[in-house]
Structure formats: structure tokens, C-alpha cells
file entry-v1.cif (mmCIF, C-alpha atoms and all ligand atoms)
data_start
#
loop_
_atom_site.label_atom_id
_atom_site.label_comp_id
_atom_site.auth_asym_id
_atom_site.auth_seq_id
_atom_site.Cartn_x
_atom_site.Cartn_y
_atom_site.Cartn_z
CA MET A 1 14.29 12.47 16.08
CA LYS A 2 11.05 12.66 14.12
CA THR A 3 8.24 10.16 14.58
CA VAL A 4 6.20 8.98 11.61
CA GLY A 5 3.01 6.92 11.87
CA VAL A 6 2.50 4.26 9.19
CA PHE A 7 -0.90 2.68 8.82
CA ASP A 8 -2.54 -0.06 6.78
CA SER A 9 -5.54 -2.35 7.09
CA GLY A 10 -3.06 -5.09 7.98
CA VAL A 11 0.40 -6.34 7.14
CA GLY A 12 0.51 -4.96 3.57
CA GLY A 13 1.86 -1.58 4.63
CA LEU A 14 5.03 -3.36 5.75
CA SER A 15 6.02 -3.18 2.06
CA VAL A 16 5.99 0.62 2.44
CA LEU A 17 7.65 0.51 5.88
CA ARG A 18 10.51 -1.50 4.31
CA ALA A 19 11.20 1.36 1.88
CA LEU A 20 10.77 4.00 4.61
CA LEU A 21 13.33 2.29 6.85
CA SER A 22 15.90 2.27 4.08
CA GLU A 23 15.22 5.87 2.99
CA LEU A 24 14.90 7.42 6.48
CA PRO A 25 17.12 5.43 8.84
CA GLY A 26 17.20 8.21 11.44
CA THR A 27 13.40 8.33 11.85
CA ARG A 28 11.27 6.58 14.46
CA PHE A 29 8.35 4.68 12.89
CA VAL A 30 5.17 3.50 14.57
CA TYR A 31 3.35 0.94 12.43
CA VAL A 32 -0.32 0.14 13.01
CA ALA A 33 -2.01 -2.84 11.35
CA ASP A 34 -5.80 -2.64 11.63
CA SER A 35 -5.99 -6.40 11.14
CA ALA A 36 -9.15 -6.77 13.23
CA HIS A 37 -10.94 -4.88 10.46
CA ALA A 38 -9.04 -6.14 7.40
CA PRO A 39 -9.57 -6.47 4.54
CA TYR A 40 -10.63 -2.91 3.71
CA GLY A 41 -10.97 -3.55 -0.01
CA GLU A 42 -14.46 -4.98 0.24
CA ARG A 43 -15.72 -2.60 2.97
CA THR A 44 -17.80 0.51 2.35
CA ALA A 45 -16.11 3.90 1.95
CA SER A 46 -17.63 5.15 5.21
CA GLU A 47 -16.33 2.13 7.17
CA VAL A 48 -12.81 2.59 5.77
CA SER A 49 -12.96 6.30 6.44
CA ALA A 50 -14.11 5.81 10.07
CA ARG A 51 -11.29 3.33 10.77
CA THR A 52 -8.69 5.60 9.16
CA HIS A 53 -9.77 8.57 11.31
CA ARG A 54 -9.76 6.39 14.43
CA ILE A 55 -6.21 5.08 13.88
CA ALA A 56 -4.91 8.54 12.93
CA ALA A 57 -6.34 9.95 16.19
CA HIS A 58 -4.68 7.15 18.18
CA LEU A 59 -1.30 7.82 16.52
CA ARG A 60 -1.56 11.55 17.24
CA GLU A 61 -2.70 11.15 20.85
CA THR A 62 -0.34 8.37 21.87
CA HIS A 63 2.76 8.91 19.76
CA ALA A 64 2.70 12.63 18.88
CA ILE A 65 3.55 11.81 15.26
CA ASP A 66 5.16 14.44 13.00
CA ALA A 67 3.63 12.91 9.86
CA LEU A 68 1.36 10.05 8.83
CA VAL A 69 1.91 7.66 5.92
CA LEU A 70 -1.33 6.05 4.79
CA ALA A 71 0.35 2.88 3.54
CA CYS A 72 -2.91 1.66 2.07
CA ASN A 73 -4.27 2.46 -1.38
CA THR A 74 -7.86 1.80 -0.28
CA ALA A 75 -7.67 4.12 2.74
CA THR A 76 -5.93 6.78 0.63
CA ALA A 77 -8.63 6.57 -2.03
CA GLN A 78 -11.47 6.82 0.46
CA ALA A 79 -10.22 8.91 3.37
CA ILE A 80 -7.16 11.04 2.61
CA ASP A 81 -9.15 14.18 1.71
CA SER A 82 -11.25 14.16 4.88
CA LEU A 83 -8.21 13.22 6.98
CA ARG A 84 -6.29 16.24 5.66
CA GLU A 85 -9.31 18.48 6.20
CA ARG A 86 -9.69 17.42 9.84
CA ASN A 87 -5.93 17.46 10.56
CA PRO A 88 -4.65 20.52 8.71
CA ASP A 89 -1.49 20.65 10.87
CA LEU A 90 -0.48 17.03 10.15
CA PRO A 91 1.39 16.15 6.95
CA VAL A 92 -0.36 13.10 5.46
CA ILE A 93 1.35 11.11 2.70
CA GLY A 94 -0.87 8.70 0.77
CA VAL A 95 -0.20 5.89 -1.67
CA GLU A 96 -1.88 5.45 -5.02
CA PRO A 97 -1.40 2.93 -7.81
CA ALA A 98 1.70 3.73 -9.91
CA LEU A 99 -0.16 4.61 -13.13
CA LYS A 100 2.07 7.58 -13.88
CA PRO A 101 5.45 5.79 -13.67
CA ALA A 102 3.90 2.85 -15.55
CA ALA A 103 2.70 5.17 -18.34
CA ILE A 104 6.22 6.58 -18.64
CA SER A 105 8.11 3.29 -18.68
CA SER A 106 5.75 0.94 -20.55
CA ARG A 107 6.93 0.30 -24.12
CA SER A 108 3.62 -1.03 -25.46
CA GLY A 109 1.37 1.36 -23.50
CA HIS A 110 -0.71 -1.66 -22.36
CA ILE A 111 -0.72 -1.56 -18.56
CA GLY A 112 -2.43 -3.93 -16.16
CA VAL A 113 -3.56 -2.78 -12.72
CA LEU A 114 -4.33 -5.10 -9.80
CA ALA A 115 -5.98 -3.41 -6.80
CA THR A 116 -8.84 -3.79 -4.35
CA ARG A 117 -12.40 -3.19 -5.42
CA GLY A 118 -12.53 -0.19 -3.04
CA THR A 119 -9.57 1.45 -4.78
CA LEU A 120 -10.72 0.75 -8.34
CA ASP A 121 -14.29 1.92 -7.67
CA SER A 122 -13.18 5.20 -6.06
CA ALA A 123 -13.53 8.66 -7.60
CA ARG A 124 -9.88 9.32 -6.76
CA PHE A 125 -8.72 6.37 -8.89
CA ALA A 126 -10.99 7.44 -11.79
CA GLN A 127 -9.39 10.91 -11.67
CA LEU A 128 -5.87 9.47 -11.54
CA ARG A 129 -6.57 7.32 -14.59
CA GLU A 130 -8.20 10.21 -16.48
CA ARG A 131 -5.19 12.45 -15.78
CA GLN A 132 -2.78 9.90 -17.30
CA LEU A 133 -4.95 9.40 -20.37
CA ALA A 134 -5.45 13.14 -20.86
CA GLY A 135 -1.74 13.90 -20.50
CA ALA A 136 -0.51 11.06 -22.72
CA THR A 137 1.29 11.75 -25.97
CA ARG A 138 0.53 8.23 -27.28
CA ALA A 139 -2.18 5.58 -26.96
CA LEU A 140 -2.39 4.15 -23.45
CA GLN A 141 -4.58 1.36 -22.17
CA PHE A 142 -5.14 0.67 -18.46
CA SER A 143 -6.82 -2.69 -17.79
CA CYS A 144 -7.97 -2.97 -14.18
CA GLN A 145 -8.73 -6.10 -12.20
CA PRO A 146 -10.23 -6.03 -8.68
CA CYS A 147 -8.67 -8.88 -6.68
CA ASP A 148 -11.28 -9.79 -4.05
CA GLY A 149 -9.71 -11.98 -1.38
CA LEU A 150 -6.06 -11.59 -2.41
CA ALA A 151 -5.09 -9.10 0.34
CA ASP A 152 -6.89 -11.33 2.85
CA ALA A 153 -4.98 -14.43 1.64
CA ILE A 154 -1.68 -12.50 1.99
CA GLU A 155 -2.81 -11.31 5.44
CA ARG A 156 -3.31 -14.97 6.47
CA HIS A 157 -0.10 -16.08 4.69
CA ASP A 158 -2.23 -18.69 2.91
CA THR A 159 0.07 -19.78 0.08
CA PRO A 160 -2.41 -22.03 -1.83
CA ALA A 161 -5.04 -19.25 -1.77
CA ILE A 162 -2.45 -16.65 -2.91
CA LEU A 163 -1.52 -18.87 -5.84
CA ALA A 164 -5.13 -19.66 -6.84
CA LEU A 165 -6.27 -16.01 -6.61
CA SER A 166 -3.19 -14.75 -8.48
CA GLU A 167 -3.84 -17.23 -11.30
CA ARG A 168 -7.55 -16.38 -11.50
CA ASN A 169 -7.05 -12.62 -11.46
CA LEU A 170 -4.16 -12.60 -13.92
CA HIS A 171 -6.18 -14.77 -16.28
CA ALA A 172 -9.08 -12.28 -16.10
CA LEU A 173 -6.68 -9.37 -16.57
CA ARG A 174 -5.07 -10.93 -19.64
CA GLU A 175 -8.51 -11.40 -21.22
CA GLN A 176 -9.00 -7.62 -20.98
CA ALA A 177 -5.45 -6.44 -21.63
CA GLY A 178 -4.48 -8.75 -24.49
CA PRO A 179 -0.99 -10.06 -25.23
CA ASP A 180 0.83 -6.71 -25.32
CA MET A 181 0.63 -5.94 -21.60
CA ASP A 182 4.24 -5.28 -20.51
CA THR A 183 3.67 -3.57 -17.13
CA LEU A 184 1.71 -4.70 -14.09
CA VAL A 185 0.89 -2.13 -11.41
CA LEU A 186 0.55 -3.58 -7.90
CA GLY A 187 -2.12 -1.16 -6.66
CA CYS A 188 -2.44 -2.59 -3.15
CA THR A 189 0.37 -2.56 -0.60
CA HIS A 190 -0.24 -6.23 0.24
CA TYR A 191 0.56 -7.39 -3.32
CA PRO A 192 4.36 -6.84 -3.25
CA PHE A 193 4.37 -9.79 -0.84
CA ALA A 194 2.93 -11.93 -3.65
CA ALA A 195 5.35 -10.48 -6.22
CA ASP A 196 7.26 -13.74 -6.70
CA VAL A 197 4.08 -15.62 -7.59
CA LEU A 198 2.71 -12.81 -9.78
CA SER A 199 6.01 -12.34 -11.58
CA HIS A 200 6.36 -16.07 -12.22
CA LEU A 201 2.82 -16.25 -13.64
CA CYS A 202 3.32 -13.14 -15.83
CA GLY A 203 6.67 -14.21 -17.25
CA PRO A 204 9.82 -12.15 -17.80
CA SER A 205 8.34 -9.73 -20.35
CA VAL A 206 6.10 -8.03 -17.74
CA VAL A 207 7.60 -5.50 -15.29
CA LEU A 208 5.93 -5.24 -11.86
CA MET A 209 5.62 -1.79 -10.26
CA ASP A 210 4.85 -0.85 -6.68
CA THR A 211 4.99 2.43 -4.81
CA GLY A 212 7.14 1.75 -1.73
CA MET A 213 10.22 3.74 -2.78
CA PRO A 214 8.44 6.76 -4.33
CA VAL A 215 6.34 7.09 -1.15
CA ALA A 216 9.45 6.86 1.03
CA ARG A 217 11.20 9.57 -1.02
CA ARG A 218 8.10 11.77 -0.83
CA THR A 219 7.99 11.28 2.96
CA ARG A 220 11.64 12.33 3.21
CA GLU A 221 10.87 15.52 1.24
CA VAL A 222 7.83 16.30 3.41
CA LEU A 223 9.90 15.87 6.58
CA GLY A 224 12.60 18.11 5.12
CA GLU A 225 15.29 15.44 5.61
CA SER A 226 18.28 15.31 3.27
CA SER A 227 18.92 12.33 1.01
CA THR A 228 22.17 11.71 2.86
CA ASP A 229 20.35 11.15 6.18
CA THR A 230 22.44 8.40 7.73
CA GLY A 231 20.97 8.34 11.23
CA SER A 232 21.09 5.00 12.97
CA ALA A 233 18.05 2.85 12.43
CA SER A 234 15.91 2.22 15.49
CA PRO A 235 13.48 -0.72 15.36
CA PRO A 236 9.93 0.38 14.54
CA VAL A 237 7.13 0.18 17.10
CA LEU A 238 4.61 -2.40 15.85
CA ALA A 239 0.95 -2.56 16.94
CA SER A 240 -2.06 -4.49 15.71
CA THR A 241 -5.78 -4.35 16.43
CA GLY A 242 -5.82 -8.04 15.48
CA SER A 243 -3.14 -10.59 16.27
CA PRO A 244 0.20 -9.05 17.40
CA GLU A 245 1.78 -12.46 16.83
CA ALA A 246 0.76 -12.46 13.14
CA LEU A 247 2.19 -8.93 12.68
CA MET A 248 5.43 -9.96 14.39
CA GLN A 249 5.78 -13.00 12.17
CA ALA A 250 5.12 -10.94 9.03
CA ALA A 251 7.71 -8.31 10.08
CA ARG A 252 10.25 -11.06 10.76
CA ARG A 253 9.51 -12.91 7.52
CA TRP A 254 9.54 -9.95 5.15
CA LEU A 255 11.61 -7.21 6.85
CA ASN A 256 13.88 -9.23 9.13
CA ILE A 257 12.62 -7.13 12.06
CA HIS A 258 12.54 -8.94 15.36
CA SER A 259 10.64 -6.41 17.53
CA ALA A 260 7.68 -7.50 19.62
CA ALA A 261 4.26 -6.21 18.52
CA GLN A 262 1.69 -4.66 20.85
CA ALA A 263 -2.04 -5.39 20.97
CA LEU A 264 -3.96 -2.22 20.20
CA GLN A 265 -7.54 -1.49 21.29
CA ALA A 266 -8.72 1.17 18.88
N1 LIG A 301 -3.22 -2.87 1.65
C1 LIG A 301 -4.39 -2.16 1.32
C2 LIG A 301 -4.30 -1.42 0.01
O1 LIG A 301 -3.23 -0.97 -0.34
C3 LIG A 301 -5.73 -2.75 1.66
C4 LIG A 301 -5.99 -4.16 1.34
C5 LIG A 301 -7.27 -4.59 2.02
O2 LIG A 301 -7.33 -4.51 3.23
O3 LIG A 301 -8.21 -4.98 1.29
O4 LIG A 301 -5.28 -1.23 -0.65
#

call {"tool": "encode", "arguments": {"input": "entry-v1.cif", "output": "C-alpha cells"}}
result
Amino acid sequence: MKTVGVFDSGVGGLSVLRALLSELPGTRFVYVADSAHAPYGERTASEVSARTHRIAAHLRETHAIDALVLACNTATAQAIDSLRERNPDLPVIGVEPALKPAAISSRSGHIGVLATRGTLDSARFAQLRERQLAGATRALQFSCQPCDGLADAIERHDTPAILALSERNLHALREQAGPDMDTLVLGCTHYPFAADVLSHLCGPSVVLMDTGMPVARRTREVLGESSTDTGSASPPVLASTGSPEALMQAARRWLNIHSAAQALQA
């Protein structure tokens, strides 16, 4: 049985773990939430990079992982290149905002992107956006809104704050994007857990896109597993540098997983 490490600043990466568990039921997953250092979105690139390297080292030393999923857009944007350089023998799968699928499926070509400031300010995101614009056969418009505080509100399961921040950020996004926006990219792995609120505020004409399933399929390809893998699901190992209780509650609430979570000193 292969072991895959899955890592996020906090509970957001559970949205990716959910897809991984359904795509790769015969794989053992070890999920680390770096909640003691969340949110990453408003930290400097060198802080995010240092934490990402630290957690990756822990997962390699303690769990002998066969691959690592960086289930965090911010960590992918700021650390995936150096992580791959320093761990050339470890397959690392990152997540990035779904601009490409959005560009393909949007009818109007007006696409909104919600992500952390760290992701939107990164060189990697600028390149991703440029690639879509350069390769487009029609006019495309990406309107981007940094959502300071939203991942943190989701981390704390603070429903009034999630609602207020979603309203404020969608209002700001609409001012930029105009009335034709028909696709909203959730460019942070925490945001799928606010999808009900965001979808309600956007209305039925806007399609929300996240990256859980594409990342899970990519992980399956990297591991060389077939799409008919029907191994029996084993519960993931859960660990948090912050509150194990909060991680356990989030896993129960959103994934119906009832495993205990460990406290991690890293
Ligand atoms: N879930 C992360 C992401 O995808 C980070 C959110 C945060 O910690 O600010 O960007």
C-alpha cells in the first residue's frame, strides 16, 4: 500500500483529501494541518516556504511517504519549486487555481478568481494567468480578489465572519468583473467549505470551480494507479500543529471521518 502525505496550512486541504479518498481508496493518507501557523495567505513567501519544507521533512522522516500533495494554493505558489529541487526523488503534486478549466468552460469569458493575497501576488500565479491569456482563441477576462481573513474564518468555523467576508469580497469582485461573470474560481482549498454561502450570494448563473478532483486524478497518475483501483479505504492519519480537536471536528463535519487527530510538534 502506498502512503501519500497531504499538507495544508490548516483544515482547507481536507477539500482535496475528500477527492483523494474517493479517487484512491486503496492508498494510505497522512494529513497534516499546520494550523499553529495558519493562515498562510498573509504571511511572507519565506515564512510559507520554511513551513512547507519543515512539514515535508516531517512527513518523509516519520511516514516514509511515496508522494506529497501540497493541498494549499499559497504553499504551491511559494514553495513547490524549491521543494522539488531539494527532494528530487519525491513526487510532489501541487494545487493551483483552476484558470485553465474555467477558461474552457466559461461561456462569457468573464471569470472571477478568489484566492489568498499570497497566491495572487505570486510570480507563479502571474505566469498561469499569462499562459491562459496567451493561449486563448477569444477574449478572456480574469478578475482577481484577494480574500484576507476568509481562510482564517473558515479555519475557526466562524459562520458570521464567513458570511460577512464572502459578501464583501464578492461585492468587490463584481465591481471589477461586471455583470457577465459566469464562473468563479475558488483559488484556495479552504473556500470549497464556504461554497454554499458563495454560491447563494452569486446566484444560479455563476458556476463555482475548485481543484479537488483534478488534483486527485493527477495524484493517481503520478502513483501509477489504475482508475479502477478499488482497494478498501483505510481511515487517514490526521495531525495538526494547532488544535487536534479542531481538525477532528472539521474532518467529522465535512468528510464524515471519525479518526482521532494527533498533536504534531514541527
Ligand atoms: N488553503 C490555503 C490555500 O489554498 C491557504 C489558506 C491560508 O492559510 O491563508 O491557499

call {"tool": "closest_atom_pairs", "arguments": {"input": "entry-v1.cif", "of": "chain A", "to": "ligand LIG 301 (chain A)", "cutoff": "6 Å", "atoms": "only C-alpha atoms and all ligand atoms", "output": "CSV"}}
result
residue,atom,partner,partner_atom,distance
A:Asp8,CA,A:LIG301,N1,5.9
A:Ser9,CA,A:LIG301,O2,4.8
A:Gly12,CA,A:LIG301,N1,4.7
A:Ala38,CA,A:LIG301,O2,4.8
A:Pro39,CA,A:LIG301,O2,3.3
A:Tyr40,CA,A:LIG301,O2,3.7
A:Gly41,CA,A:LIG301,O3,3.4
A:Cys72,CA,A:LIG301,O1,3.6
A:Asn73,CA,A:LIG301,O1,3.7
A:Thr74,CA,A:LIG301,O4,4.0
A:Thr116,CA,A:LIG301,O4,5.7
A:Ala151,CA,A:LIG301,C4,5.1
A:Cys188,CA,A:LIG301,O1,3.3
A:Thr189,CA,A:LIG301,O1,3.9
A:His190,CA,A:LIG301,N1,4.7

call {"tool": "atom_distance", "arguments": {"input": "entry-v1.cif", "atom1": "atom CA of Phe7 of chain A", "atom2": "atom CA of Val95 of chain A"}}
result
11.0 Å

call {"tool": "closest_residue", "arguments": {"input": "entry-v1.cif", "among": "A:Cys144, A:Val4, A:Ala33, A:Leu24", "to": "Phe125 of chain A", "atoms": "only C-alpha atoms"}}
result
A:Cys144

call {"tool": "closest_residue", "arguments": {"input": "entry-v1.cif", "among": "A:Thr183, A:His110, A:Glu61, A:Ser49", "to": "Asp81 of chain A", "atoms": "all atoms listed in the file"}}
result
A:Ser49

call {"tool": "residues_around", "arguments": {"input": "entry-v1.cif", "residues": "segment 97-101 of chain A", "least_positions_apart": "4", "cutoff": "12 Å", "atoms": "only C-alpha atoms", "output": "ChimeraX atom specification"}}
result
/A:71-74,76-77,105-107,109-116,119-120,124-136,140-144,183-189,191,207-215

call {"tool": "atom_distance", "arguments": {"input": "entry-v1.cif", "atom1": "atom CA of Ser240 of chain A", "atom2": "atom CA of Ala123 of chain A"}}
result
29.1 Å

call {"tool": "atom_distance", "arguments": {"input": "entry-v1.cif", "atom1": "atom CA of Glu225 of chain A", "atom2": "atom CA of Leu70 of chain A"}}
result
19.1 Å

call {"tool": "axis_aligned_box", "arguments": {"input": "entry-v1.cif", "around": "segment 203-221 of chain A", "padding_each_side": "8 Å", "output": "JSON"}}
result
{"center_x": 8.2, "center_y": 0.7, "center_z": -8.6, "size_x": 22.8, "size_y": 45.7, "size_z": 39.6}

call {"tool": "residues_near_point", "arguments": {"input": "entry-v1.cif", "point": "(-12.2, -3.4, 15.3)", "cutoff": "12 Å", "atoms": "all atoms listed in the file", "output": "number ranges by chain"}}
result
A: 9-10, 33-40, 47-48, 50-52, 54-55, 240-243, 263-266

call {"tool": "closest_residue", "arguments": {"input": "entry-v1.cif", "among": "A:Leu20, A:Ala75, A:Thr62, A:Val69", "to": "Ser46 of chain A", "atoms": "only C-alpha atoms"}}
result
A:Ala75

call {"tool": "closest_residue", "arguments": {"input": "entry-v1.cif", "among": "A:Ala103, A:Ala56, A:Leu173, A:Ala194", "to": "Ala153 of chain A", "atoms": "only C-alpha atoms"}}
result
A:Ala194

call {"tool": "closest_residue", "arguments": {"input": "entry-v1.cif", "among": "A:Leu201, A:Asp180, A:Glu42, A:Val11", "to": "Cys147 of chain A", "atoms": "all atoms listed in the file"}}
result
A:Glu42

call {"tool": "closest_residue", "arguments": {"input": "entry-v1.cif", "among": "A:Arg218, A:His53, A:His63, A:His157", "to": "Glu85 of chain A", "atoms": "only C-alpha atoms"}}
result
A:His53
